[in-house]
Structures are given as C-alpha cells and as structure tokens.
>>> print(open('entry_30.cif').read())   # mmCIF, N, CA and C atoms
data_data
loop_
_atom_site.label_atom_id
_atom_site.label_comp_id
_atom_site.auth_asym_id
_atom_site.auth_seq_id
_atom_site.Cartn_x
_atom_site.Cartn_y
_atom_site.Cartn_z
N MET A 1 -172.78 -71.44 -42.92
CA MET A 1 -172.80 -72.14 -44.17
C MET A 1 -172.66 -71.12 -45.30
N ALA A 2 -171.57 -71.17 -46.02
CA ALA A 2 -171.33 -70.27 -47.13
C ALA A 2 -171.68 -70.96 -48.45
N THR A 3 -172.14 -70.18 -49.41
CA THR A 3 -172.49 -70.70 -50.72
C THR A 3 -171.79 -69.88 -51.79
N VAL A 4 -171.23 -70.57 -52.76
CA VAL A 4 -170.66 -69.91 -53.93
C VAL A 4 -171.63 -70.18 -55.07
N GLU A 5 -172.04 -69.12 -55.77
CA GLU A 5 -172.93 -69.26 -56.90
C GLU A 5 -172.17 -68.89 -58.16
N LEU A 6 -172.41 -69.68 -59.20
CA LEU A 6 -171.72 -69.49 -60.47
C LEU A 6 -172.74 -69.68 -61.58
N SER A 7 -172.73 -68.81 -62.55
CA SER A 7 -173.55 -69.02 -63.74
C SER A 7 -172.68 -68.75 -64.95
N PHE A 8 -172.94 -69.51 -66.00
CA PHE A 8 -172.14 -69.35 -67.23
C PHE A 8 -173.01 -69.61 -68.45
N SER A 9 -172.62 -68.98 -69.56
CA SER A 9 -173.38 -69.18 -70.79
C SER A 9 -173.19 -70.61 -71.28
N ALA A 10 -174.16 -71.07 -72.03
CA ALA A 10 -174.20 -72.47 -72.45
C ALA A 10 -173.23 -72.74 -73.60
N LEU A 11 -171.96 -72.69 -73.27
CA LEU A 11 -170.91 -73.01 -74.23
C LEU A 11 -170.02 -74.10 -73.63
N PRO A 12 -169.70 -75.12 -74.42
CA PRO A 12 -168.88 -76.22 -73.89
C PRO A 12 -167.56 -75.78 -73.27
N VAL A 13 -166.97 -74.72 -73.76
CA VAL A 13 -165.69 -74.25 -73.25
C VAL A 13 -165.79 -73.83 -71.78
N HIS A 14 -166.97 -73.41 -71.34
CA HIS A 14 -167.14 -72.97 -69.96
C HIS A 14 -167.23 -74.12 -68.96
N VAL A 15 -167.47 -75.33 -69.45
CA VAL A 15 -167.55 -76.49 -68.56
C VAL A 15 -166.20 -76.71 -67.87
N ARG A 16 -165.12 -76.55 -68.59
CA ARG A 16 -163.78 -76.70 -68.01
C ARG A 16 -163.57 -75.69 -66.88
N THR A 17 -163.96 -74.46 -67.11
CA THR A 17 -163.82 -73.43 -66.08
C THR A 17 -164.65 -73.79 -64.84
N ALA A 18 -165.87 -74.26 -65.06
CA ALA A 18 -166.72 -74.67 -63.93
C ALA A 18 -166.06 -75.80 -63.15
N ARG A 19 -165.48 -76.78 -63.84
CA ARG A 19 -164.81 -77.89 -63.15
C ARG A 19 -163.65 -77.38 -62.31
N LEU A 20 -162.87 -76.45 -62.83
CA LEU A 20 -161.73 -75.90 -62.09
C LEU A 20 -162.19 -75.16 -60.84
N ILE A 21 -163.24 -74.36 -60.97
CA ILE A 21 -163.74 -73.61 -59.82
C ILE A 21 -164.29 -74.56 -58.76
N VAL A 22 -165.07 -75.54 -59.19
CA VAL A 22 -165.66 -76.50 -58.25
C VAL A 22 -164.57 -77.27 -57.52
N THR A 23 -163.53 -77.67 -58.23
CA THR A 23 -162.44 -78.40 -57.60
C THR A 23 -161.73 -77.55 -56.55
N ALA A 24 -161.51 -76.27 -56.87
CA ALA A 24 -160.86 -75.38 -55.91
C ALA A 24 -161.73 -75.19 -54.66
N VAL A 25 -163.02 -75.02 -54.84
CA VAL A 25 -163.91 -74.83 -53.70
C VAL A 25 -164.01 -76.13 -52.89
N ALA A 26 -164.08 -77.26 -53.57
CA ALA A 26 -164.14 -78.55 -52.87
C ALA A 26 -162.90 -78.75 -52.00
N ARG A 27 -161.75 -78.43 -52.54
CA ARG A 27 -160.50 -78.55 -51.78
C ARG A 27 -160.56 -77.65 -50.55
N ARG A 28 -161.04 -76.44 -50.73
CA ARG A 28 -161.12 -75.49 -49.62
C ARG A 28 -162.13 -75.94 -48.56
N CYS A 29 -163.15 -76.69 -48.98
CA CYS A 29 -164.17 -77.20 -48.04
C CYS A 29 -163.72 -78.47 -47.33
N GLY A 30 -162.55 -78.98 -47.70
CA GLY A 30 -162.04 -80.15 -47.00
C GLY A 30 -162.33 -81.49 -47.65
N VAL A 31 -162.73 -81.49 -48.91
CA VAL A 31 -162.92 -82.76 -49.62
C VAL A 31 -161.54 -83.40 -49.79
N ALA A 32 -161.45 -84.68 -49.50
CA ALA A 32 -160.17 -85.39 -49.58
C ALA A 32 -159.62 -85.34 -51.01
N GLU A 33 -158.30 -85.22 -51.10
CA GLU A 33 -157.64 -85.16 -52.41
C GLU A 33 -158.02 -86.35 -53.28
N ALA A 34 -158.21 -87.51 -52.67
CA ALA A 34 -158.55 -88.72 -53.43
C ALA A 34 -159.93 -88.62 -54.09
N LEU A 35 -160.79 -87.74 -53.60
CA LEU A 35 -162.13 -87.59 -54.15
C LEU A 35 -162.25 -86.45 -55.17
N LEU A 36 -161.24 -85.62 -55.28
CA LEU A 36 -161.34 -84.44 -56.14
C LEU A 36 -161.56 -84.79 -57.61
N ASP A 37 -160.94 -85.87 -58.09
CA ASP A 37 -161.17 -86.28 -59.48
C ASP A 37 -162.62 -86.68 -59.69
N GLU A 38 -163.21 -87.35 -58.71
CA GLU A 38 -164.61 -87.75 -58.81
C GLU A 38 -165.52 -86.52 -58.83
N VAL A 39 -165.21 -85.54 -58.00
CA VAL A 39 -165.97 -84.30 -57.98
C VAL A 39 -165.88 -83.62 -59.34
N ARG A 40 -164.67 -83.49 -59.84
CA ARG A 40 -164.43 -82.82 -61.11
C ARG A 40 -165.18 -83.52 -62.26
N LEU A 41 -165.11 -84.85 -62.30
CA LEU A 41 -165.76 -85.59 -63.39
C LEU A 41 -167.28 -85.53 -63.29
N ALA A 42 -167.83 -85.69 -62.09
CA ALA A 42 -169.28 -85.65 -61.92
C ALA A 42 -169.84 -84.28 -62.28
N VAL A 43 -169.19 -83.23 -61.81
CA VAL A 43 -169.64 -81.87 -62.12
C VAL A 43 -169.48 -81.59 -63.62
N GLY A 44 -168.40 -82.06 -64.21
CA GLY A 44 -168.22 -81.89 -65.65
C GLY A 44 -169.32 -82.56 -66.44
N GLU A 45 -169.71 -83.76 -66.03
CA GLU A 45 -170.78 -84.48 -66.71
C GLU A 45 -172.11 -83.74 -66.55
N ALA A 46 -172.43 -83.30 -65.34
CA ALA A 46 -173.68 -82.58 -65.11
C ALA A 46 -173.72 -81.26 -65.89
N CYS A 47 -172.61 -80.54 -65.89
CA CYS A 47 -172.54 -79.28 -66.63
C CYS A 47 -172.63 -79.51 -68.13
N SER A 48 -171.97 -80.54 -68.63
CA SER A 48 -172.03 -80.85 -70.06
C SER A 48 -173.45 -81.17 -70.49
N ARG A 49 -174.16 -81.93 -69.67
CA ARG A 49 -175.56 -82.25 -69.97
C ARG A 49 -176.40 -80.98 -70.01
N ALA A 50 -176.20 -80.09 -69.03
CA ALA A 50 -176.96 -78.85 -68.99
C ALA A 50 -176.63 -77.96 -70.18
N VAL A 51 -175.36 -77.86 -70.53
CA VAL A 51 -174.95 -77.03 -71.67
C VAL A 51 -175.58 -77.56 -72.95
N GLU A 52 -175.54 -78.86 -73.16
CA GLU A 52 -176.11 -79.45 -74.37
C GLU A 52 -177.61 -79.20 -74.44
N ALA A 53 -178.30 -79.34 -73.32
CA ALA A 53 -179.74 -79.09 -73.29
C ALA A 53 -180.04 -77.62 -73.58
N HIS A 54 -179.26 -76.73 -72.98
CA HIS A 54 -179.47 -75.29 -73.21
C HIS A 54 -179.20 -74.93 -74.66
N ARG A 55 -178.15 -75.48 -75.22
CA ARG A 55 -177.82 -75.16 -76.62
C ARG A 55 -178.96 -75.56 -77.54
N GLN A 56 -179.67 -76.61 -77.20
CA GLN A 56 -180.76 -77.09 -78.04
C GLN A 56 -182.06 -76.35 -77.77
N PHE A 57 -182.37 -76.05 -76.50
CA PHE A 57 -183.69 -75.53 -76.14
C PHE A 57 -183.72 -74.07 -75.70
N CYS A 58 -182.66 -73.57 -75.07
CA CYS A 58 -182.68 -72.19 -74.57
C CYS A 58 -181.24 -71.64 -74.52
N PRO A 59 -180.63 -71.41 -75.68
CA PRO A 59 -179.21 -71.04 -75.72
C PRO A 59 -178.85 -69.74 -75.03
N ASP A 60 -179.81 -68.86 -74.81
CA ASP A 60 -179.50 -67.58 -74.18
C ASP A 60 -179.57 -67.62 -72.66
N GLU A 61 -180.04 -68.72 -72.09
CA GLU A 61 -180.15 -68.85 -70.64
C GLU A 61 -178.85 -69.44 -70.06
N PRO A 62 -178.40 -68.94 -68.93
CA PRO A 62 -177.17 -69.48 -68.33
C PRO A 62 -177.43 -70.77 -67.55
N VAL A 63 -176.39 -71.57 -67.44
CA VAL A 63 -176.38 -72.73 -66.56
C VAL A 63 -175.95 -72.21 -65.20
N ARG A 64 -176.55 -72.73 -64.13
CA ARG A 64 -176.25 -72.23 -62.79
C ARG A 64 -175.70 -73.34 -61.89
N LEU A 65 -174.74 -72.97 -61.05
CA LEU A 65 -174.19 -73.88 -60.06
C LEU A 65 -174.25 -73.22 -58.70
N GLU A 66 -174.48 -74.02 -57.68
CA GLU A 66 -174.39 -73.59 -56.29
C GLU A 66 -173.45 -74.57 -55.59
N LEU A 67 -172.47 -74.04 -54.90
CA LEU A 67 -171.49 -74.85 -54.17
C LEU A 67 -171.60 -74.51 -52.70
N THR A 68 -171.85 -75.52 -51.88
CA THR A 68 -172.05 -75.29 -50.46
C THR A 68 -171.24 -76.29 -49.65
N GLY A 69 -170.61 -75.81 -48.61
CA GLY A 69 -169.90 -76.68 -47.69
C GLY A 69 -170.45 -76.48 -46.29
N ALA A 70 -171.06 -77.53 -45.72
CA ALA A 70 -171.60 -77.44 -44.37
C ALA A 70 -171.87 -78.84 -43.83
N ASP A 71 -171.82 -78.95 -42.50
CA ASP A 71 -172.16 -80.20 -41.82
C ASP A 71 -171.38 -81.40 -42.35
N GLY A 72 -170.11 -81.19 -42.66
CA GLY A 72 -169.27 -82.28 -43.11
C GLY A 72 -169.55 -82.75 -44.52
N ARG A 73 -170.23 -81.95 -45.33
CA ARG A 73 -170.55 -82.30 -46.72
C ARG A 73 -170.18 -81.15 -47.64
N PHE A 74 -169.79 -81.49 -48.86
CA PHE A 74 -169.62 -80.51 -49.93
C PHE A 74 -170.68 -80.83 -50.96
N GLU A 75 -171.54 -79.85 -51.24
CA GLU A 75 -172.67 -80.08 -52.14
C GLU A 75 -172.58 -79.18 -53.36
N VAL A 76 -172.90 -79.75 -54.52
CA VAL A 76 -172.94 -79.02 -55.78
C VAL A 76 -174.33 -79.23 -56.38
N ILE A 77 -174.95 -78.13 -56.79
CA ILE A 77 -176.23 -78.20 -57.49
C ILE A 77 -176.02 -77.58 -58.87
N VAL A 78 -176.26 -78.36 -59.90
CA VAL A 78 -176.21 -77.88 -61.27
C VAL A 78 -177.65 -77.74 -61.75
N SER A 79 -178.02 -76.53 -62.15
CA SER A 79 -179.40 -76.25 -62.56
C SER A 79 -179.44 -75.76 -63.99
N ASP A 80 -180.38 -76.31 -64.75
CA ASP A 80 -180.63 -75.78 -66.08
C ASP A 80 -182.05 -75.23 -66.11
N THR A 81 -182.42 -74.59 -67.20
CA THR A 81 -183.75 -74.02 -67.34
C THR A 81 -184.52 -74.70 -68.45
N VAL A 82 -184.23 -75.98 -68.69
CA VAL A 82 -184.94 -76.76 -69.68
C VAL A 82 -186.06 -77.50 -68.96
N PRO A 83 -187.32 -77.23 -69.31
CA PRO A 83 -188.43 -77.87 -68.60
C PRO A 83 -188.38 -79.38 -68.68
N GLY A 84 -189.00 -80.03 -67.68
CA GLY A 84 -189.07 -81.48 -67.63
C GLY A 84 -189.92 -82.05 -68.75
N ASP A 85 -189.90 -83.37 -68.85
CA ASP A 85 -190.60 -84.08 -69.91
C ASP A 85 -192.11 -84.04 -69.80
N ASP A 86 -192.65 -84.08 -68.61
CA ASP A 86 -194.09 -84.19 -68.48
C ASP A 86 -194.70 -82.91 -67.93
N GLU A 87 -196.02 -82.88 -67.89
CA GLU A 87 -196.73 -81.68 -67.45
C GLU A 87 -196.38 -81.28 -66.02
N ALA A 88 -196.15 -82.28 -65.16
CA ALA A 88 -195.84 -81.99 -63.77
C ALA A 88 -194.38 -81.65 -63.55
N GLY A 89 -193.59 -81.81 -64.60
CA GLY A 89 -192.18 -81.52 -64.48
C GLY A 89 -191.39 -82.64 -63.84
N GLY A 90 -191.98 -83.83 -63.77
CA GLY A 90 -191.31 -84.95 -63.13
C GLY A 90 -190.11 -85.44 -63.91
N LEU A 91 -189.19 -86.04 -63.21
CA LEU A 91 -188.00 -86.62 -63.81
C LEU A 91 -187.80 -87.99 -63.21
N PRO A 92 -187.49 -88.99 -64.03
CA PRO A 92 -187.29 -90.33 -63.48
C PRO A 92 -186.09 -90.39 -62.55
N SER A 93 -186.06 -91.44 -61.76
CA SER A 93 -184.92 -91.70 -60.90
C SER A 93 -183.70 -92.03 -61.76
N VAL A 94 -182.54 -92.12 -61.15
CA VAL A 94 -181.32 -92.48 -61.87
C VAL A 94 -181.52 -93.81 -62.60
N GLU A 95 -182.22 -94.76 -61.95
CA GLU A 95 -182.42 -96.06 -62.56
C GLU A 95 -183.30 -95.98 -63.81
N ASP A 96 -184.24 -95.04 -63.86
CA ASP A 96 -185.18 -94.92 -64.97
C ASP A 96 -184.85 -93.75 -65.89
N ALA A 97 -183.65 -93.24 -65.83
CA ALA A 97 -183.31 -92.00 -66.51
C ALA A 97 -183.34 -92.09 -68.03
N GLY A 98 -183.34 -93.27 -68.58
CA GLY A 98 -183.35 -93.40 -70.04
C GLY A 98 -184.57 -92.78 -70.68
N GLU A 99 -185.65 -92.62 -69.91
CA GLU A 99 -186.86 -92.02 -70.45
C GLU A 99 -186.72 -90.52 -70.63
N PHE A 100 -185.80 -89.89 -69.94
CA PHE A 100 -185.64 -88.44 -70.00
C PHE A 100 -184.40 -88.14 -70.83
N GLU A 101 -184.60 -87.76 -72.08
CA GLU A 101 -183.49 -87.69 -73.02
C GLU A 101 -183.00 -86.29 -73.35
N TYR A 102 -183.75 -85.23 -73.03
CA TYR A 102 -183.38 -83.88 -73.45
C TYR A 102 -183.30 -83.77 -74.96
N GLY A 103 -183.71 -84.78 -75.69
CA GLY A 103 -183.57 -84.77 -77.13
C GLY A 103 -182.13 -84.98 -77.55
N LEU A 104 -181.29 -85.59 -76.70
CA LEU A 104 -179.87 -85.75 -77.01
C LEU A 104 -179.54 -87.09 -77.65
N GLY A 105 -180.51 -87.94 -77.84
CA GLY A 105 -180.23 -89.23 -78.42
C GLY A 105 -180.47 -90.34 -77.43
N GLU A 106 -180.86 -91.47 -77.95
CA GLU A 106 -181.22 -92.60 -77.10
C GLU A 106 -180.06 -93.05 -76.21
N GLY A 107 -180.33 -93.16 -74.92
CA GLY A 107 -179.34 -93.65 -73.97
C GLY A 107 -178.40 -92.60 -73.42
N THR A 108 -178.37 -91.42 -73.99
CA THR A 108 -177.43 -90.39 -73.54
C THR A 108 -177.70 -89.96 -72.11
N ALA A 109 -178.96 -89.68 -71.80
CA ALA A 109 -179.30 -89.24 -70.44
C ALA A 109 -179.02 -90.33 -69.44
N GLU A 110 -179.38 -91.56 -69.78
CA GLU A 110 -179.17 -92.69 -68.87
C GLU A 110 -177.68 -92.87 -68.57
N LEU A 111 -176.85 -92.82 -69.56
CA LEU A 111 -175.41 -92.98 -69.37
C LEU A 111 -174.84 -91.84 -68.53
N GLY A 112 -175.22 -90.62 -68.84
CA GLY A 112 -174.71 -89.47 -68.08
C GLY A 112 -175.10 -89.53 -66.62
N LEU A 113 -176.34 -89.88 -66.34
CA LEU A 113 -176.78 -89.97 -64.95
C LEU A 113 -176.13 -91.15 -64.24
N ALA A 114 -175.88 -92.22 -64.94
CA ALA A 114 -175.20 -93.37 -64.34
C ALA A 114 -173.77 -93.00 -63.96
N VAL A 115 -173.11 -92.24 -64.81
CA VAL A 115 -171.74 -91.79 -64.51
C VAL A 115 -171.76 -90.90 -63.27
N ILE A 116 -172.68 -89.95 -63.22
CA ILE A 116 -172.78 -89.05 -62.07
C ILE A 116 -173.06 -89.85 -60.80
N ALA A 117 -174.01 -90.78 -60.87
CA ALA A 117 -174.36 -91.58 -59.70
C ALA A 117 -173.18 -92.42 -59.22
N GLY A 118 -172.33 -92.86 -60.14
CA GLY A 118 -171.17 -93.65 -59.75
C GLY A 118 -170.05 -92.82 -59.14
N LEU A 119 -170.03 -91.54 -59.43
CA LEU A 119 -168.95 -90.68 -58.96
C LEU A 119 -169.29 -89.91 -57.68
N ALA A 120 -170.53 -89.52 -57.54
CA ALA A 120 -170.93 -88.72 -56.37
C ALA A 120 -171.34 -89.63 -55.23
N ASP A 121 -171.09 -89.17 -54.03
CA ASP A 121 -171.46 -89.91 -52.83
C ASP A 121 -172.97 -89.97 -52.67
N ASP A 122 -173.65 -88.89 -53.00
CA ASP A 122 -175.10 -88.80 -52.90
C ASP A 122 -175.59 -87.98 -54.08
N VAL A 123 -176.64 -88.46 -54.76
CA VAL A 123 -177.17 -87.77 -55.94
C VAL A 123 -178.68 -87.67 -55.83
N ASP A 124 -179.21 -86.49 -56.18
CA ASP A 124 -180.65 -86.30 -56.26
C ASP A 124 -180.92 -85.52 -57.54
N ILE A 125 -181.80 -86.06 -58.37
CA ILE A 125 -182.14 -85.41 -59.63
C ILE A 125 -183.61 -85.05 -59.57
N SER A 126 -183.91 -83.79 -59.83
CA SER A 126 -185.30 -83.37 -59.79
C SER A 126 -185.58 -82.41 -60.93
N ALA A 127 -186.84 -82.37 -61.33
CA ALA A 127 -187.25 -81.48 -62.41
C ALA A 127 -188.54 -80.79 -62.04
N THR A 128 -188.66 -79.58 -62.53
CA THR A 128 -189.88 -78.80 -62.39
C THR A 128 -190.17 -78.20 -63.75
N PRO A 129 -191.29 -77.57 -63.92
CA PRO A 129 -191.52 -76.89 -65.21
C PRO A 129 -190.46 -75.83 -65.51
N LYS A 130 -189.72 -75.39 -64.49
CA LYS A 130 -188.69 -74.38 -64.71
C LYS A 130 -187.32 -74.95 -65.06
N GLY A 131 -187.10 -76.23 -64.85
CA GLY A 131 -185.80 -76.79 -65.19
C GLY A 131 -185.44 -78.04 -64.41
N VAL A 132 -184.23 -78.50 -64.63
CA VAL A 132 -183.73 -79.72 -64.00
C VAL A 132 -182.58 -79.36 -63.07
N GLN A 133 -182.57 -80.00 -61.90
CA GLN A 133 -181.48 -79.81 -60.94
C GLN A 133 -180.83 -81.16 -60.67
N ILE A 134 -179.51 -81.16 -60.69
CA ILE A 134 -178.75 -82.33 -60.27
C ILE A 134 -177.98 -81.90 -59.03
N ARG A 135 -178.32 -82.52 -57.91
CA ARG A 135 -177.68 -82.22 -56.63
C ARG A 135 -176.74 -83.37 -56.29
N MET A 136 -175.48 -83.05 -56.07
CA MET A 136 -174.46 -84.06 -55.76
C MET A 136 -173.74 -83.64 -54.50
N SER A 137 -173.30 -84.61 -53.69
CA SER A 137 -172.52 -84.23 -52.51
C SER A 137 -171.47 -85.30 -52.19
N TRP A 138 -170.45 -84.84 -51.46
CA TRP A 138 -169.33 -85.67 -51.05
C TRP A 138 -168.98 -85.31 -49.61
N PRO A 139 -168.35 -86.24 -48.89
CA PRO A 139 -167.92 -85.91 -47.52
C PRO A 139 -166.80 -84.86 -47.54
N ALA A 140 -166.83 -83.99 -46.57
CA ALA A 140 -165.79 -82.96 -46.42
C ALA A 140 -165.28 -83.03 -44.99
N GLU A 141 -163.99 -83.02 -44.84
CA GLU A 141 -163.38 -83.17 -43.52
C GLU A 141 -163.42 -81.90 -42.70
N ALA A 142 -163.33 -80.76 -43.34
CA ALA A 142 -163.27 -79.49 -42.62
C ALA A 142 -164.56 -78.71 -42.83
N GLU A 143 -164.88 -77.84 -41.90
CA GLU A 143 -166.01 -76.95 -42.07
C GLU A 143 -165.65 -75.97 -43.18
N ALA A 144 -166.60 -75.61 -44.00
CA ALA A 144 -166.37 -74.76 -45.16
C ALA A 144 -165.76 -73.42 -44.76
N THR A 145 -164.80 -72.99 -45.56
CA THR A 145 -164.21 -71.67 -45.39
C THR A 145 -164.32 -70.89 -46.67
N ILE A 146 -165.41 -71.08 -47.38
CA ILE A 146 -165.59 -70.38 -48.66
C ILE A 146 -166.25 -69.05 -48.46
#
>>> encode(input="entry_30.cif", output="structure tokens")
Amino acid sequence: MATVELSFSALPVHVRTARLIVTAVARRCGVAEALLDEVRLAVGEACSRAVEAHRQFCPDEPVRLELTGADGRFEVIVSDTVPGDDEAGGLPSVEDAGEFEYGLGEGTAELGLAVIAGLADDVDISATPKGVQIRMSWPAEAEATI
C-alpha cells in the first residue's frame, strides 16, 4: 500500500494544483475514468473548505492531503489544523453538518459536506482538537502503483 502525501499553503490557487495531482494519482490507482470528475470535484470542495478555514484561523499552517490506493479503493484524506467546535473536538455527521460552520457563514459547511457526500463513494468526517479530517474513497480497479 503506497501513500502520496501533499501539503500546500492555504491559498485558493493551490486547490487547482491539488485537484490535478489527486486526479493523476486516482487514474494511476485504477479509478474509472467516469469517476474522475467526481474525485476532482469532491477533493476540490474539501480543499477549498480547508483553505478558507485556514485563511481565517491559521493562515500559516498548510493543508494536508494523503492519497492511498489499496484493497480495491482509492482514498483521499484532506486534513486541516482548525480545531473542532466543541471541547471534545467533535464534528457532526454529514446530516447535521450545518452546526459546524468554520465561521464561513450560515449553511456553507452543510452545503459543502452535502456536495462531498454526493460525489464520494464513502465519506467520513471527523474532528479533534488538532483539526478536521475529511476522508473520501472511491472504487479502484487496479492495485495501486503509486
């Protein structure tokens, strides 16, 4: 199981680069061509959310991505370093995401997570006092060669 790690400064211009890299790795891991647009859009949304949160709360910290291909799945984890809303670092489920706003405006978090959930085959969102992780995965036909 190989992993590609990517980190970039919290600038919107870098989201495009992250989408391009993720798409190339997904293709190499065997994700079907028909799913690549969904991968690109979901990762773009997750990265945009992380960049916006970083710009507001911790602009000097990088956004991090992990790309893994194994066991017939291509997985992307987008991590930010913006602490969760509550003391325990909890984050609501995709259905309850409207409560977790990052200070971006009412409904923004809910809409972004709904888009991600609609595009990714499997989504897990978690938060700790150290930050928020959005884990997304899609089926991959070939074993990873990254």
>>> residues_around(input="entry_30.cif", residues="A:Gly112", least_positions_apart="5", cutoff="8 Å", atoms="only N, CA and C atoms", output="list of chain:residue names")
A:Glu45, A:Ala46, A:Arg49, A:Gly107, A:Ala117, A:Gly118
>>> resolve_selection(input="entry_30.cif", expression="the PyMOL selection byres ((chain A and resi 63-65) around 8)", output="list in words")
Val4, Glu5, Leu6, Ser7, Phe8, Ser9, Ala10, Leu11, Cys47, Ala50, Val51, His54, Asp60, Glu61, Pro62, Glu66, Leu67, Thr68, Val76, Ile77, Val78, Ser79, Asp80 and Thr81 of chain A
>>> atom_distance(input="entry_30.cif", atom1="atom CA of A:Gly44", atom2="atom CA of A:Val25")
14.5 Å
>>> atom_distance(input="entry_30.cif", atom1="atom N of A:Arg55", atom2="atom N of A:Pro12")
8.5 Å
>>> resolve_selection(input="entry_30.cif", expression="the PyMOL selection byres ((chain A and resi 131) around 7)", output="number ranges by chain")
A: 79-84, 126-130, 132-133
>>> atom_distance(input="entry_30.cif", atom1="atom CA of A:Ala120", atom2="atom C of A:Ala53")
22.4 Å
>>> resolve_selection(input="entry_30.cif", expression="the PyMOL selection byres (((chain A and resi 141 and name CA) around 9) and name CA)", output="list in words")
Cys29, Gly30, Val31, Ala32, Gly72, Arg73, Pro139, Ala140, Ala142 and Glu143 of chain A
>>> select_by_dssp(input="entry_30.cif", residues="stretch 21-90 of chain A", states="alpha helix (DSSP H)", output="PyMOL selection string")
chain A and resi 21-28+33-57
>>> select_by_dssp(input="entry_30.cif", residues="stretch 33-70 of chain A", states="strand (DSSP E or B)", output="JSON list (two decimals) with N, CA and C atoms, in the coordinates of the input")
[["chain", "number", "residue", "atom", "x", "y", "z"],
["A", 63, "VAL", "N", -176.39, -71.57, -67.44],
["A", 63, "VAL", "CA", -176.38, -72.73, -66.56],
["A", 63, "VAL", "C", -175.95, -72.21, -65.20],
["A", 64, "ARG", "N", -176.55, -72.73, -64.13],
["A", 64, "ARG", "CA", -176.25, -72.23, -62.79],
["A", 64, "ARG", "C", -175.70, -73.34, -61.89],
["A", 65, "LEU", "N", -174.74, -72.97, -61.05],
["A", 65, "LEU", "CA", -174.19, -73.88, -60.06],
["A", 65, "LEU", "C", -174.25, -73.22, -58.70],
["A", 66, "GLU", "N", -174.48, -74.02, -57.68],
["A", 66, "GLU", "CA", -174.39, -73.59, -56.29],
["A", 66, "GLU", "C", -173.45, -74.57, -55.59],
["A", 67, "LEU", "N", -172.47, -74.04, -54.90],
["A", 67, "LEU", "CA", -171.49, -74.85, -54.17],
["A", 67, "LEU", "C", -171.60, -74.51, -52.70],
["A", 68, "THR", "N", -171.85, -75.52, -51.88],
["A", 68, "THR", "CA", -172.05, -75.29, -50.46],
["A", 68, "THR", "C", -171.24, -76.29, -49.65],
["A", 69, "GLY", "N", -170.61, -75.81, -48.61],
["A", 69, "GLY", "CA", -169.90, -76.68, -47.69],
["A", 69, "GLY", "C", -170.45, -76.48, -46.29],
["A", 70, "ALA", "N", -171.06, -77.53, -45.72],
["A", 70, "ALA", "CA", -171.60, -77.44, -44.37],
["A", 70, "ALA", "C", -171.87, -78.84, -43.83]]
